[in-house]
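Shown below: upload_35.cif, with mmCIF, C-alpha atoms and all ligand atoms.
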data_coords
#
loop_
_atom_site.group_PDB
_atom_site.id
_atom_site.type_symbol
_atom_site.label_atom_id
_atom_site.label_comp_id
_atom_site.auth_asym_id
_atom_site.auth_seq_id
_atom_site.Cartn_x
_atom_site.Cartn_y
_atom_site.Cartn_z
ATOM 1 C CA MET S 23 -22.112 -96.652 -12.002
ATOM 2 C CA LEU S 24 -22.808 -95.027 -8.668
ATOM 3 C CA ALA S 25 -24.520 -91.662 -8.643
ATOM 4 C CA THR S 26 -22.375 -88.770 -7.472
ATOM 5 C CA ALA S 27 -24.328 -88.447 -4.209
ATOM 6 C CA ALA S 28 -23.632 -92.086 -3.423
ATOM 7 C CA LEU S 29 -19.939 -91.630 -4.200
ATOM 8 C CA VAL S 30 -19.755 -88.616 -1.924
ATOM 9 C CA GLY S 31 -21.398 -90.623 0.866
ATOM 10 C CA LEU S 32 -18.944 -93.440 0.325
ATOM 11 C CA ALA S 33 -15.948 -91.119 0.348
ATOM 12 C CA GLN S 34 -17.134 -89.481 3.560
ATOM 13 C CA ALA S 35 -17.708 -92.865 5.171
ATOM 14 C CA GLN S 36 -14.107 -93.656 4.310
ATOM 15 C CA GLY S 37 -12.932 -90.443 5.910
ATOM 16 C CA CYS S 38 -11.916 -88.996 2.563
ATOM 17 C CA THR S 39 -11.647 -85.412 3.693
ATOM 18 C CA ARG S 40 -9.625 -82.623 2.108
ATOM 19 C CA GLU S 41 -7.298 -82.769 5.125
ATOM 20 C CA PHE S 42 -6.686 -86.478 4.592
ATOM 21 C CA LEU S 43 -6.109 -86.039 0.854
ATOM 22 C CA LYS S 44 -3.807 -83.065 1.352
ATOM 23 C CA ALA S 45 -1.686 -84.979 3.853
ATOM 24 C CA ALA S 46 -1.338 -87.866 1.406
ATOM 25 C CA ALA S 47 -0.486 -85.596 -1.547
ATOM 26 C CA ASP S 48 2.013 -83.726 0.634
ATOM 27 C CA SER S 49 3.590 -87.052 1.596
ATOM 28 C CA PHE S 50 4.347 -87.706 -2.082
ATOM 29 C CA VAL S 51 6.061 -84.320 -2.354
ATOM 30 C CA ALA S 52 8.013 -84.972 0.848
ATOM 31 C CA ALA S 53 9.072 -88.420 -0.391
ATOM 32 C CA GLN S 54 10.193 -86.878 -3.679
ATOM 33 C CA GLN S 55 12.141 -84.143 -1.914
ATOM 34 C CA ALA S 56 13.874 -86.645 0.374
ATOM 35 C CA GLY S 57 14.369 -89.328 -2.265
ATOM 36 C CA ASN S 58 12.680 -91.683 0.173
ATOM 37 C CA PRO S 59 9.734 -93.714 -1.227
ATOM 38 C CA SER S 60 8.798 -94.937 2.255
ATOM 39 C CA LEU S 61 7.553 -91.436 3.151
ATOM 40 C CA LEU S 62 4.600 -91.877 0.767
ATOM 41 C CA ALA S 63 1.571 -92.692 2.921
ATOM 42 C CA PRO S 64 -0.755 -94.393 3.497
ATOM 43 C CA VAL S 65 0.259 -97.321 1.284
ATOM 44 C CA SER S 66 -0.353 -101.052 1.648
ATOM 45 C CA ALA S 67 1.193 -104.179 0.174
ATOM 46 C CA ASN S 68 -1.497 -103.954 -2.493
ATOM 47 C CA THR S 69 -0.764 -100.387 -3.607
ATOM 48 C CA VAL S 70 -0.353 -100.402 -7.382
ATOM 49 C CA TYR S 71 2.438 -98.182 -8.747
ATOM 50 C CA HIS S 72 2.651 -97.158 -12.388
ATOM 51 C CA GLU S 73 5.319 -94.952 -13.900
ATOM 52 C CA ASN S 74 4.731 -93.545 -17.363
ATOM 53 C CA PHE S 75 1.762 -95.894 -17.614
ATOM 54 C CA LYS S 76 3.824 -99.028 -17.038
ATOM 55 C CA PRO S 77 3.836 -101.220 -13.927
ATOM 56 C CA ALA S 78 6.841 -100.299 -11.780
ATOM 57 C CA THR S 79 7.800 -100.372 -8.131
ATOM 58 C CA LEU S 80 7.746 -97.555 -5.632
ATOM 59 C CA ALA S 81 11.182 -98.512 -4.349
ATOM 60 C CA SER S 82 12.873 -98.263 -7.756
ATOM 61 C CA GLY S 83 10.814 -95.415 -9.228
ATOM 62 C CA ILE S 84 11.351 -91.651 -9.346
ATOM 63 C CA LEU S 85 10.791 -91.249 -5.580
ATOM 64 C CA LYS S 86 14.164 -92.819 -4.842
ATOM 65 C CA THR S 87 15.805 -89.764 -6.443
ATOM 66 C CA PRO S 88 15.849 -86.687 -4.179
ATOM 67 C CA LEU S 89 14.626 -83.661 -6.114
ATOM 68 C CA LYS S 90 14.855 -79.998 -5.274
ATOM 69 C CA ILE S 91 11.176 -79.010 -5.207
ATOM 70 C CA ASP S 92 10.754 -75.587 -6.809
ATOM 71 C CA HIS S 93 6.989 -75.810 -7.218
ATOM 72 C CA ASN S 94 4.213 -78.145 -6.207
ATOM 73 C CA ARG S 95 0.454 -77.842 -6.468
ATOM 74 C CA SER S 96 -2.206 -80.403 -5.587
ATOM 75 C CA SER S 97 -5.890 -80.702 -6.339
ATOM 76 C CA LEU S 98 -8.058 -82.802 -4.070
ATOM 77 C CA ASP S 99 -11.089 -84.821 -5.183
ATOM 78 C CA THR S 100 -13.198 -85.812 -2.167
ATOM 79 C CA THR S 101 -15.870 -87.339 -4.428
ATOM 80 C CA LEU S 102 -13.641 -89.916 -6.111
ATOM 81 C CA CYS S 103 -11.153 -89.916 -3.234
ATOM 82 C CA ALA S 104 -8.172 -89.018 -5.369
ATOM 83 C CA THR S 105 -5.493 -86.345 -5.764
ATOM 84 C CA TYR S 106 -3.409 -84.832 -8.529
ATOM 85 C CA THR S 107 -0.043 -83.178 -7.867
ATOM 86 C CA GLU S 108 2.208 -81.232 -10.222
ATOM 87 C CA ILE S 109 5.866 -81.023 -9.199
ATOM 88 C CA VAL S 110 8.568 -78.922 -10.867
ATOM 89 C CA SER S 111 12.252 -79.337 -10.128
ATOM 90 C CA ALA S 112 14.132 -76.794 -12.235
ATOM 91 C CA THR S 113 17.109 -75.770 -10.158
ATOM 92 C CA GLY S 114 18.495 -79.135 -9.064
ATOM 93 C CA SER S 115 21.186 -81.197 -10.757
ATOM 94 C CA LYS S 116 18.763 -82.625 -13.342
ATOM 95 C CA PRO S 117 15.447 -80.952 -14.210
ATOM 96 C CA TYR S 118 12.150 -82.806 -13.831
ATOM 97 C CA VAL S 119 8.449 -82.161 -14.144
ATOM 98 C CA VAL S 120 6.398 -84.856 -12.440
ATOM 99 C CA GLY S 121 2.637 -85.371 -12.342
ATOM 100 C CA VAL S 122 0.946 -87.898 -10.077
ATOM 101 C CA GLN S 123 -2.594 -89.083 -9.594
ATOM 102 C CA LEU S 124 -3.241 -90.936 -6.343
ATOM 103 C CA PHE S 125 -6.407 -92.997 -5.816
ATOM 104 C CA PHE S 126 -7.612 -94.158 -2.407
ATOM 105 C CA THR S 127 -9.935 -96.764 -0.953
ATOM 106 C CA ASN S 128 -10.531 -97.104 2.791
ATOM 107 C CA GLN S 129 -7.904 -94.443 3.397
ATOM 108 C CA VAL S 130 -5.133 -96.340 1.656
ATOM 109 C CA ILE S 131 -3.506 -95.481 -1.680
ATOM 110 C CA THR S 132 -4.745 -98.140 -4.073
ATOM 111 C CA LYS S 133 -2.961 -96.698 -7.096
ATOM 112 C CA ALA S 134 -0.175 -94.182 -7.685
ATOM 113 C CA ASP S 135 -0.003 -93.193 -11.360
ATOM 114 C CA VAL S 136 3.154 -91.163 -11.963
ATOM 115 C CA LEU S 137 4.340 -89.347 -15.095
ATOM 116 C CA VAL S 138 8.006 -88.359 -15.123
ATOM 117 C CA THR S 139 9.417 -85.965 -17.707
ATOM 118 C CA THR S 140 12.895 -84.571 -18.156
ATOM 119 C CA THR S 141 15.202 -83.241 -20.852
ATOM 120 C CA GLY S 142 14.197 -84.708 -24.224
ATOM 121 C CA ASP S 143 10.489 -84.945 -23.475
ATOM 122 C CA TRP S 144 7.843 -82.948 -25.315
ATOM 123 C CA LEU S 145 8.958 -79.265 -25.359
ATOM 124 C CA PHE S 146 10.569 -79.959 -21.992
ATOM 125 C CA ASN S 147 11.912 -76.918 -20.179
ATOM 126 C CA ALA S 148 11.504 -77.026 -16.403
ATOM 127 C CA THR S 149 12.685 -73.415 -16.081
ATOM 128 C CA GLY S 150 9.891 -72.329 -18.397
ATOM 129 C CA THR S 151 7.363 -74.516 -16.594
ATOM 130 C CA LEU S 152 8.418 -73.055 -13.256
ATOM 131 C CA ASN S 153 8.302 -69.447 -14.439
ATOM 132 C CA TRP S 154 4.845 -69.702 -15.954
ATOM 133 C CA ALA S 155 3.338 -71.989 -13.322
ATOM 134 C CA LYS S 156 4.336 -69.523 -10.602
ATOM 135 C CA LYS S 157 2.726 -66.612 -12.437
ATOM 136 C CA GLU S 158 -0.648 -68.297 -12.842
ATOM 137 C CA ASP S 159 -3.420 -68.115 -10.254
ATOM 138 C CA TRP S 160 -4.824 -71.557 -9.477
ATOM 139 C CA GLY S 161 -6.169 -70.341 -6.137
ATOM 140 C CA THR S 162 -9.424 -71.173 -4.405
ATOM 141 C CA ILE S 163 -12.535 -69.937 -6.210
ATOM 142 C CA PRO S 164 -15.165 -68.288 -3.965
ATOM 143 C CA GLU S 165 -18.021 -70.709 -3.255
ATOM 144 C CA GLY S 166 -20.690 -68.771 -5.136
ATOM 145 C CA LYS S 167 -18.567 -68.681 -8.289
ATOM 146 C CA ARG S 168 -17.565 -72.346 -8.475
ATOM 147 C CA ASP S 169 -18.477 -74.511 -11.428
ATOM 148 C CA SER S 170 -20.005 -77.932 -10.868
ATOM 149 C CA ARG S 171 -17.961 -81.104 -11.352
ATOM 150 C CA ALA S 172 -19.933 -81.788 -14.510
ATOM 151 C CA VAL S 173 -19.117 -78.395 -16.030
ATOM 152 C CA ILE S 174 -15.413 -78.654 -15.137
ATOM 153 C CA LYS S 175 -15.156 -82.191 -16.515
ATOM 154 C CA ALA S 176 -17.065 -81.272 -19.685
ATOM 155 C CA ALA S 177 -14.660 -78.386 -20.373
ATOM 156 C CA GLY S 178 -11.646 -80.695 -20.119
ATOM 157 C CA ASP S 179 -13.334 -83.385 -22.178
ATOM 158 C CA ALA S 180 -14.318 -80.923 -24.918
ATOM 159 C CA TYR S 181 -10.680 -79.841 -25.258
ATOM 160 C CA ALA S 182 -9.572 -83.479 -25.440
ATOM 161 C CA ASP S 183 -12.356 -84.341 -27.893
ATOM 162 C CA ILE S 184 -11.562 -81.617 -30.418
ATOM 163 C CA PHE S 185 -8.307 -83.407 -31.301
ATOM 164 C CA SER S 186 -10.429 -85.982 -33.115
ATOM 165 C CA ASN S 187 -13.667 -84.091 -33.773
ATOM 166 C CA LYS S 188 -13.593 -80.511 -35.031
ATOM 167 C CA SER S 189 -17.364 -80.157 -34.484
ATOM 168 C CA VAL S 190 -16.947 -80.211 -30.719
ATOM 169 C CA VAL S 191 -17.646 -76.848 -29.105
ATOM 170 C CA VAL S 192 -14.887 -76.039 -26.619
ATOM 171 C CA PRO S 193 -15.583 -73.410 -23.940
ATOM 172 C CA TRP S 194 -12.474 -71.356 -24.714
ATOM 173 C CA GLY S 195 -11.782 -68.650 -22.168
ATOM 174 C CA ARG S 196 -10.104 -65.359 -22.986
ATOM 175 C CA PRO S 197 -7.488 -65.070 -21.760
ATOM 176 C CA CYS S 198 -6.579 -68.753 -21.893
ATOM 177 C CA SER S 199 -2.992 -70.014 -21.744
ATOM 178 C CA ARG S 200 -1.417 -73.390 -22.452
ATOM 179 C CA LEU S 201 1.760 -74.529 -20.732
ATOM 180 C CA GLU S 202 3.170 -77.504 -22.623
ATOM 181 C CA GLY S 203 6.449 -78.976 -21.468
ATOM 182 C CA GLY S 204 7.902 -75.529 -20.828
ATOM 183 C CA MET S 205 6.406 -73.628 -23.716
ATOM 184 C CA TYR S 206 3.636 -71.065 -23.286
ATOM 185 C CA THR S 207 1.055 -70.282 -25.941
ATOM 186 C CA GLY S 208 0.823 -66.709 -24.714
ATOM 187 C CA ASN S 209 2.662 -64.092 -22.754
ATOM 188 C CA GLY S 210 0.458 -63.974 -19.663
ATOM 189 C CA GLY S 211 -1.496 -61.047 -21.093
ATOM 190 C CA PRO S 212 -5.244 -60.524 -21.595
ATOM 191 C CA ASN S 213 -5.203 -61.752 -25.195
ATOM 192 C CA ASP S 214 -3.687 -65.180 -24.570
ATOM 193 C CA ARG S 215 -5.631 -67.883 -26.336
ATOM 194 C CA CYS S 216 -5.709 -71.664 -26.270
ATOM 195 C CA ASP S 217 -7.374 -72.385 -29.618
ATOM 196 C CA VAL S 218 -4.076 -72.422 -31.497
ATOM 197 C CA GLY S 219 -2.236 -75.341 -33.067
ATOM 198 C CA ILE S 220 -4.715 -78.100 -32.302
ATOM 199 C CA PRO S 221 -3.990 -81.088 -34.554
ATOM 200 C CA SER S 222 -6.662 -83.334 -35.991
ATOM 201 C CA GLY S 223 -7.102 -87.065 -36.154
ATOM 202 C CA VAL S 224 -5.570 -87.733 -32.747
ATOM 203 C CA SER S 225 -7.442 -89.763 -30.158
ATOM 204 C CA LEU S 226 -7.049 -88.807 -26.522
ATOM 205 C CA VAL S 227 -8.379 -91.918 -24.823
ATOM 206 C CA ASP S 228 -8.270 -93.958 -21.619
ATOM 207 C CA ARG S 229 -8.989 -90.824 -19.594
ATOM 208 C CA ARG S 230 -8.617 -90.864 -15.824
ATOM 209 C CA TYR S 231 -9.949 -87.850 -13.945
ATOM 210 C CA VAL S 232 -9.257 -86.020 -10.708
ATOM 211 C CA ILE S 233 -11.590 -83.048 -10.169
ATOM 212 C CA ASP S 234 -11.393 -80.320 -7.531
ATOM 213 C CA GLU S 235 -14.293 -77.867 -7.700
ATOM 214 C CA THR S 236 -12.730 -75.559 -5.104
ATOM 215 C CA VAL S 237 -10.042 -74.583 -7.628
ATOM 216 C CA GLY S 238 -11.938 -75.377 -10.835
ATOM 217 C CA ALA S 239 -9.381 -78.020 -11.789
ATOM 218 C CA VAL S 240 -9.623 -81.269 -13.682
ATOM 219 C CA SER S 241 -6.593 -83.493 -14.183
ATOM 220 C CA ILE S 242 -6.889 -86.009 -16.994
ATOM 221 C CA PHE S 243 -4.279 -88.719 -17.496
ATOM 222 C CA LEU S 244 -4.728 -90.119 -20.974
ATOM 223 C CA SER S 245 -3.179 -91.899 -23.890
ATOM 224 C CA PHE S 246 -2.221 -89.347 -26.580
ATOM 225 C CA SER S 247 -2.269 -91.738 -29.544
ATOM 226 C CA GLY S 248 -0.325 -94.175 -27.384
ATOM 227 C CA ILE S 249 1.871 -91.648 -25.568
ATOM 228 C CA PRO S 250 1.542 -91.286 -21.766
ATOM 229 C CA ASP S 251 0.146 -87.806 -21.212
ATOM 230 C CA SER S 252 -1.358 -85.508 -18.614
ATOM 231 C CA HIS S 253 -3.689 -82.639 -19.419
ATOM 232 C CA GLU S 254 -4.753 -80.471 -16.516
ATOM 233 C CA PHE S 255 -7.301 -77.688 -16.865
ATOM 234 C CA ARG S 256 -8.293 -74.709 -14.746
ATOM 235 C CA VAL S 257 -11.876 -73.731 -15.502
ATOM 236 C CA GLU S 258 -13.313 -70.352 -14.501
ATOM 237 C CA GLY S 259 -16.971 -69.484 -15.089
ATOM 238 C CA GLY S 260 -17.349 -72.585 -17.245
ATOM 239 C CA LYS S 261 -14.479 -71.578 -19.541
ATOM 240 C CA LEU S 262 -10.927 -72.821 -19.949
ATOM 241 C CA ARG S 263 -8.378 -70.526 -18.312
ATOM 242 C CA PHE S 264 -5.213 -72.634 -18.095
ATOM 243 C CA VAL S 265 -4.062 -75.891 -19.690
ATOM 244 C CA HIS S 266 -0.953 -77.751 -18.504
ATOM 245 C CA THR S 267 0.438 -80.755 -20.308
ATOM 246 C CA ILE S 268 3.067 -83.328 -19.398
ATOM 247 C CA THR S 269 3.956 -85.693 -22.246
ATOM 248 C CA VAL S 270 6.381 -88.594 -21.922
ATOM 249 C CA MET S 271 8.295 -88.904 -25.193
ATOM 250 C CA ASN S 272 11.568 -90.516 -24.158
ATOM 251 C CA GLY S 273 11.685 -93.613 -26.310
ATOM 252 C CA ARG S 274 7.989 -94.199 -25.767
ATOM 253 C CA GLY S 275 4.792 -93.885 -27.707
ATOM 254 C CA ASN S 276 4.127 -94.638 -31.320
ATOM 255 C CA GLY S 277 4.891 -92.748 -34.508
ATOM 256 C CA LYS S 278 1.400 -91.363 -34.931
ATOM 257 C CA GLY S 279 1.366 -89.621 -31.559
ATOM 258 C CA LYS S 280 4.821 -88.196 -32.091
ATOM 259 C CA ARG S 281 3.851 -86.860 -35.486
ATOM 260 C CA ALA S 282 0.703 -85.368 -33.964
ATOM 261 C CA ARG S 283 2.728 -83.725 -31.225
ATOM 262 C CA ARG S 284 5.234 -82.380 -33.784
ATOM 263 C CA GLY S 285 2.315 -81.137 -35.872
ATOM 264 C CA MET S 286 1.251 -78.971 -32.969
ATOM 265 C CA ILE S 287 4.593 -77.290 -32.682
ATOM 266 C CA SER S 288 4.673 -76.319 -36.336
ATOM 267 C CA LYS S 289 1.211 -74.808 -36.006
ATOM 268 C CA GLU S 290 2.033 -72.751 -32.954
ATOM 269 C CA PRO S 291 1.950 -69.025 -33.633
ATOM 270 C CA ALA S 292 5.334 -67.354 -33.709
ATOM 271 C CA ARG S 293 6.253 -65.637 -30.484
HETATM 272 C C1 LIG S 301 4.577 -77.321 -1.758
HETATM 273 O O1 LIG S 301 3.749 -76.197 -2.035
HETATM 274 C C2 LIG S 301 3.213 -75.602 -0.858
HETATM 275 C C3 LIG S 301 2.231 -74.541 -1.313
HETATM 276 O O2 LIG S 301 2.829 -73.640 -2.196
HETATM 277 C C4 LIG S 301 4.347 -75.052 -0.021
HETATM 278 O O3 LIG S 301 3.834 -74.467 1.156
HETATM 279 C C5 LIG S 301 5.288 -76.200 0.346
HETATM 280 O O4 LIG S 301 6.404 -75.693 1.054
HETATM 281 C C6 LIG S 301 5.771 -76.902 -0.908
HETATM 282 N N1 LIG S 301 6.560 -78.090 -0.548
HETATM 283 C C7 LIG S 301 7.840 -78.219 -0.854
HETATM 284 C C8 LIG S 301 8.499 -79.468 -0.391
HETATM 285 O O5 LIG S 301 8.470 -77.389 -1.478
HETATM 286 C C1 LIG S 302 13.438 -72.292 -21.075
HETATM 287 O O1 LIG S 302 12.573 -71.332 -20.509
HETATM 288 C C2 LIG S 302 13.254 -70.191 -20.027
HETATM 289 C C3 LIG S 302 12.241 -69.346 -19.273
HETATM 290 O O2 LIG S 302 11.060 -69.152 -20.008
HETATM 291 C C4 LIG S 302 13.900 -69.464 -21.190
HETATM 292 O O3 LIG S 302 14.603 -68.322 -20.719
HETATM 293 C C5 LIG S 302 14.860 -70.403 -21.886
HETATM 294 O O4 LIG S 302 15.370 -69.785 -23.035
HETATM 295 C C6 LIG S 302 14.160 -71.684 -22.268
HETATM 296 N N1 LIG S 302 15.145 -72.637 -22.774
HETATM 297 C C7 LIG S 302 15.032 -73.226 -23.948
HETATM 298 C C8 LIG S 302 16.112 -74.187 -24.309
HETATM 299 O O5 LIG S 302 14.102 -72.993 -24.689
HETATM 300 C C1 LIG S 303 -18.534 -84.717 -32.951
HETATM 301 O O1 LIG S 303 -19.022 -83.720 -32.097
HETATM 302 C C2 LIG S 303 -20.342 -83.324 -32.369
HETATM 303 C C3 LIG S 303 -20.670 -82.127 -31.476
HETATM 304 O O2 LIG S 303 -20.493 -82.450 -30.123
HETATM 305 C C4 LIG S 303 -21.265 -84.521 -32.113
HETATM 306 O O3 LIG S 303 -22.583 -84.170 -32.392
HETATM 307 C C5 LIG S 303 -20.830 -85.684 -32.999
HETATM 308 O O4 LIG S 303 -21.584 -86.827 -32.669
HETATM 309 C C6 LIG S 303 -19.354 -85.984 -32.786
HETATM 310 N N1 LIG S 303 -18.925 -86.967 -33.759
HETATM 311 C C7 LIG S 303 -18.348 -88.101 -33.404
HETATM 312 C C8 LIG S 303 -17.922 -88.998 -34.516
HETATM 313 O O5 LIG S 303 -18.158 -88.406 -32.242
#

So that I can check it, write out the structure of this file as structure tokens.
Ligand SMILES: *[C@@H]1O[C@H](CO)[C@@H](O)[C@H](O)[C@H]1NC(C)=O
Ligand SMILES: *[C@@H]1O[C@H](CO)[C@@H](O)[C@H](O)[C@H]1NC(C)=O
Ligand SMILES: *[C@@H]1O[C@H](CO)[C@@H](O)[C@H](O)[C@H]1NC(C)=O
Amino acid sequence: MLATAALVGLAQAQGCTREFLKAAADSFVAAQQAGNPSLLAPVSANTVYHENFKPATLASGILKTPLKIDHNRSSLDTTLCATYTEIVSATGSKPYVVGVQLFFTNQVITKADVLVTTTGDWLFNATGTLNWAKKEDWGTIPEGKRDSRAVIKAAGDAYADIFSNKSVVVPWGRPCSRLEGGMYTGNGGPNDRCDVGIPSGVSLVDRRYVIDETVGAVSIFLSFSGIPDSHEFRVEGGKLRFVHTITVMNGRGNGKGKRARRGMISKEPAR
């Protein structure tokens, strides 16, 4: 395991700047908007493409479908040389919420890991996702107020860990709001809280991270008891502020994960 300083050096040697990462993330959004996979860049013959955690091909995946882009937001990880992008298409012919992690080596995308959700997926409601996502502030955090990578990652991990271990101390913020599918655990007010309806006995494993300290964000792609899932966190002052989830239910996953996900809904406070 390379130390962080060594990773940073490596990324810089590879020209892994925020500008480079932003251009690549933007190319995914442009490809999605155009329905033209060949706009995604820079790829090579060896670029690995996974959709909903299964090997797939760029040419036959979601990018071949043009989507009206109502919202997109990317976080850029110059340490690991990776990006995460959230895309919401709510006002087109068929609604979608897409999440993608891109990983780079030598300025080429080595892996594109894409989660695609639509009607029928976990609490899916692209209109709701769009409304809430637009209201939230995921903007740049002033340099003196930024949390370290370790603090941001630990906050996301603690949230993921509490699903299987109730002794874990999670740095809950107040307010803190969860956007799941299209459902919100609050109303955008000062009393929103995230420590509601957390099931037990569910393992969130196989975690893959993209961290952007400038916006306090950590994206974690993980297996939610076998179900392809994305949890993204905004951390402010070491505490959780926002949680976004994308969960692929359509005919996938195992019974345990589905029951766990249903368990959450029944425990949600009435609103
Ligand atoms: C993606 O989001 C950025 C920032 O909000 C915006 O400027 C850009 O136009 C969006 N792209 C598309 C294709 O909508
Ligand atoms: C989806 O979300 C919108 C906006 O929050 C809401 O008006 C609508 O009722 C929701 N639809 C469903 C089916 O829950
Ligand atoms: C559960 O979390 C607590 C607090 O972080 C930790 O001490 C304990 O080792 C964890 N238990 C397991 C089984 O991981």

At most 6 Å is the cut-off: for each residue in chain S with any atom that close to an atom of ligand LIG 302 (chain S), write down the nearest atom pair and the distance in Å rounded to one decimal, counting only C-alpha atoms and all ligand atoms, chain first then increasing number, as CSV.
residue,atom,partner,partner_atom,distance
S:Asn147,CA,S:LIG302,C1,5.0
S:Thr149,CA,S:LIG302,O1,4.9
S:Gly150,CA,S:LIG302,O1,3.6

Just C-alpha atoms for this one: save the residues we selected as a tab-separated table (two decimals), keeping the file's coordinate frame.
chain	number	residue	atom	x	y	z
S	147	ASN	CA	11.91	-76.92	-20.18
S	149	THR	CA	12.68	-73.42	-16.08
S	150	GLY	CA	9.89	-72.33	-18.40

Please report, as CSV, each residue of chain S lying at most 9 Å from ligand LIG 303 (chain S), together with the nearest pair of atoms and the separation in Å rounded to one decimal; use all atoms listed in the file, and order rows by chain and ascending residue number.
residue,atom,partner,partner_atom,distance
S:Ala180,CA,S:LIG303,O2,8.2
S:Asp183,CA,S:LIG303,O1,7.9
S:Ile184,CA,S:LIG303,O1,7.9
S:Ser186,CA,S:LIG303,O5,8.1
S:Asn187,CA,S:LIG303,C1,5.0
S:Lys188,CA,S:LIG303,C1,6.8
S:Ser189,CA,S:LIG303,O1,4.6
S:Val190,CA,S:LIG303,O2,4.2
S:Val191,CA,S:LIG303,O2,6.4

So that I have them on file, write out the residues from the current selection with C-alpha atoms, as a short mmCIF file (atom, residue, chain, number, x, y, z; two decimals), in the coordinates of the input.
data_model
loop_
_atom_site.label_atom_id
_atom_site.label_comp_id
_atom_site.auth_asym_id
_atom_site.auth_seq_id
_atom_site.Cartn_x
_atom_site.Cartn_y
_atom_site.Cartn_z
CA ALA S 180 -14.32 -80.92 -24.92
CA ASP S 183 -12.36 -84.34 -27.89
CA ILE S 184 -11.56 -81.62 -30.42
CA SER S 186 -10.43 -85.98 -33.12
CA ASN S 187 -13.67 -84.09 -33.77
CA LYS S 188 -13.59 -80.51 -35.03
CA SER S 189 -17.36 -80.16 -34.48
CA VAL S 190 -16.95 -80.21 -30.72
CA VAL S 191 -17.65 -76.85 -29.10
#

Atomic distance atom CA of Cys38 of chain S - atom CA of Cys103 of chain S, expressed in Å with one decimal: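 Distance between the two atoms: 5.9 Å.
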
Residues matched by the PyMOL selection byres (((not hetatm)) within 12 of (chain S and resi 301)) as JSON, numbers by chain: {"S": [44, 45, 47, 48, 49, 50, 51, 52, 53, 54, 55, 56, 57, 88, 89, 90, 91, 92, 93, 94, 95, 96, 97, 107, 108, 109, 110, 111, 155, 156, 159, 160, 161]}

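Under the PyMOL selection byres (((chain S and resi 200) around 8) and not hetatm), the matching residues in the shown file are Cys198, Ser199, Leu201, Glu202, Met205, Tyr206, Thr207, Gly208, Arg215, Cys216, Phe264, Val265, His266 and Thr267 of chain S.
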
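Coordinates place atom CA of Asn68 of chain S at a distance of 26.6 Å from atom CA of Val240 of chain S.
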
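Distance annotation: of S:Val224, S:Ile233, S:Glu258, S:Lys76, the residue with the minimal separation from Gln123 of chain S is S:Ile233; atom set is only C-alpha atoms.
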
Taking the file as shown, find all residues satisfying the PyMOL selection byres (((chain S and resi 99) around 9) and not hetatm) and write them as a PDB file with C-alpha atoms, in the coordinates of the input.
ATOM      1  CA  CYS S  38     -11.916 -88.996   2.563  1.00  0.00           C
ATOM      2  CA  THR S  39     -11.647 -85.412   3.693  1.00  0.00           C
ATOM      3  CA  ARG S  40      -9.625 -82.623   2.108  1.00  0.00           C
ATOM      4  CA  LEU S  43      -6.109 -86.039   0.854  1.00  0.00           C
ATOM      5  CA  SER S  97      -5.890 -80.702  -6.339  1.00  0.00           C
ATOM      6  CA  LEU S  98      -8.058 -82.802  -4.070  1.00  0.00           C
ATOM      7  CA  THR S 100     -13.198 -85.812  -2.167  1.00  0.00           C
ATOM      8  CA  THR S 101     -15.870 -87.339  -4.428  1.00  0.00           C
ATOM      9  CA  LEU S 102     -13.641 -89.916  -6.111  1.00  0.00           C
ATOM     10  CA  CYS S 103     -11.153 -89.916  -3.234  1.00  0.00           C
ATOM     11  CA  ALA S 104      -8.172 -89.018  -5.369  1.00  0.00           C
ATOM     12  CA  THR S 105      -5.493 -86.345  -5.764  1.00  0.00           C
ATOM     13  CA  TYR S 106      -3.409 -84.832  -8.529  1.00  0.00           C
ATOM     14  CA  VAL S 232      -9.257 -86.020 -10.708  1.00  0.00           C
ATOM     15  CA  ILE S 233     -11.590 -83.048 -10.169  1.00  0.00           C
ATOM     16  CA  ASP S 234     -11.393 -80.320  -7.531  1.00  0.00           C
ATOM     17  CA  GLU S 235     -14.293 -77.867  -7.700  1.00  0.00           C
TER      18      GLU S 235
END

Among listed residues S:Val70, S:Leu152, S:Ala78, S:Ser225, nearest Leu124 of chain S (using only C-alpha atoms):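 The closest residue to Leu124 of chain S is S:Val70.
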
Near-segment 132-135 of chain S list (12 Å; all atoms listed in the file; drop same-chain fewer than 4 positions) as a VMD selection string: chain S and resid 46 to 47 50 59 62 to 80 83 to 85 103 to 107 120 to 128 230 to 232 242 to 244 250 to 252

Selection as a list in words: residues within 8 Å of (-15.1, -73.5, -26.4), counting all atoms listed in the file: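 Checking each residue against the 8 Å limit leaves Ala177, Ala180, Tyr181, Val191, Val192, Pro193, Trp194, Gly195, Lys261 and Leu262 of chain S.
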
Restricted to C-alpha atoms, what would the selected residues look like written as a PDB file, in the frame of the given file?
ATOM      1  CA  ALA S 177     -14.660 -78.386 -20.373  1.00  0.00           C
ATOM      2  CA  ALA S 180     -14.318 -80.923 -24.918  1.00  0.00           C
ATOM      3  CA  TYR S 181     -10.680 -79.841 -25.258  1.00  0.00           C
ATOM      4  CA  VAL S 191     -17.646 -76.848 -29.105  1.00  0.00           C
ATOM      5  CA  VAL S 192     -14.887 -76.039 -26.619  1.00  0.00           C
ATOM      6  CA  PRO S 193     -15.583 -73.410 -23.940  1.00  0.00           C
ATOM      7  CA  TRP S 194     -12.474 -71.356 -24.714  1.00  0.00           C
ATOM      8  CA  GLY S 195     -11.782 -68.650 -22.168  1.00  0.00           C
ATOM      9  CA  LYS S 261     -14.479 -71.578 -19.541  1.00  0.00           C
ATOM     10  CA  LEU S 262     -10.927 -72.821 -19.949  1.00  0.00           C
TER      11      LEU S 262
END

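Here atom CA of Thr269 of chain S and atom CA of Trp154 of chain S stand 17.2 Å from one another.
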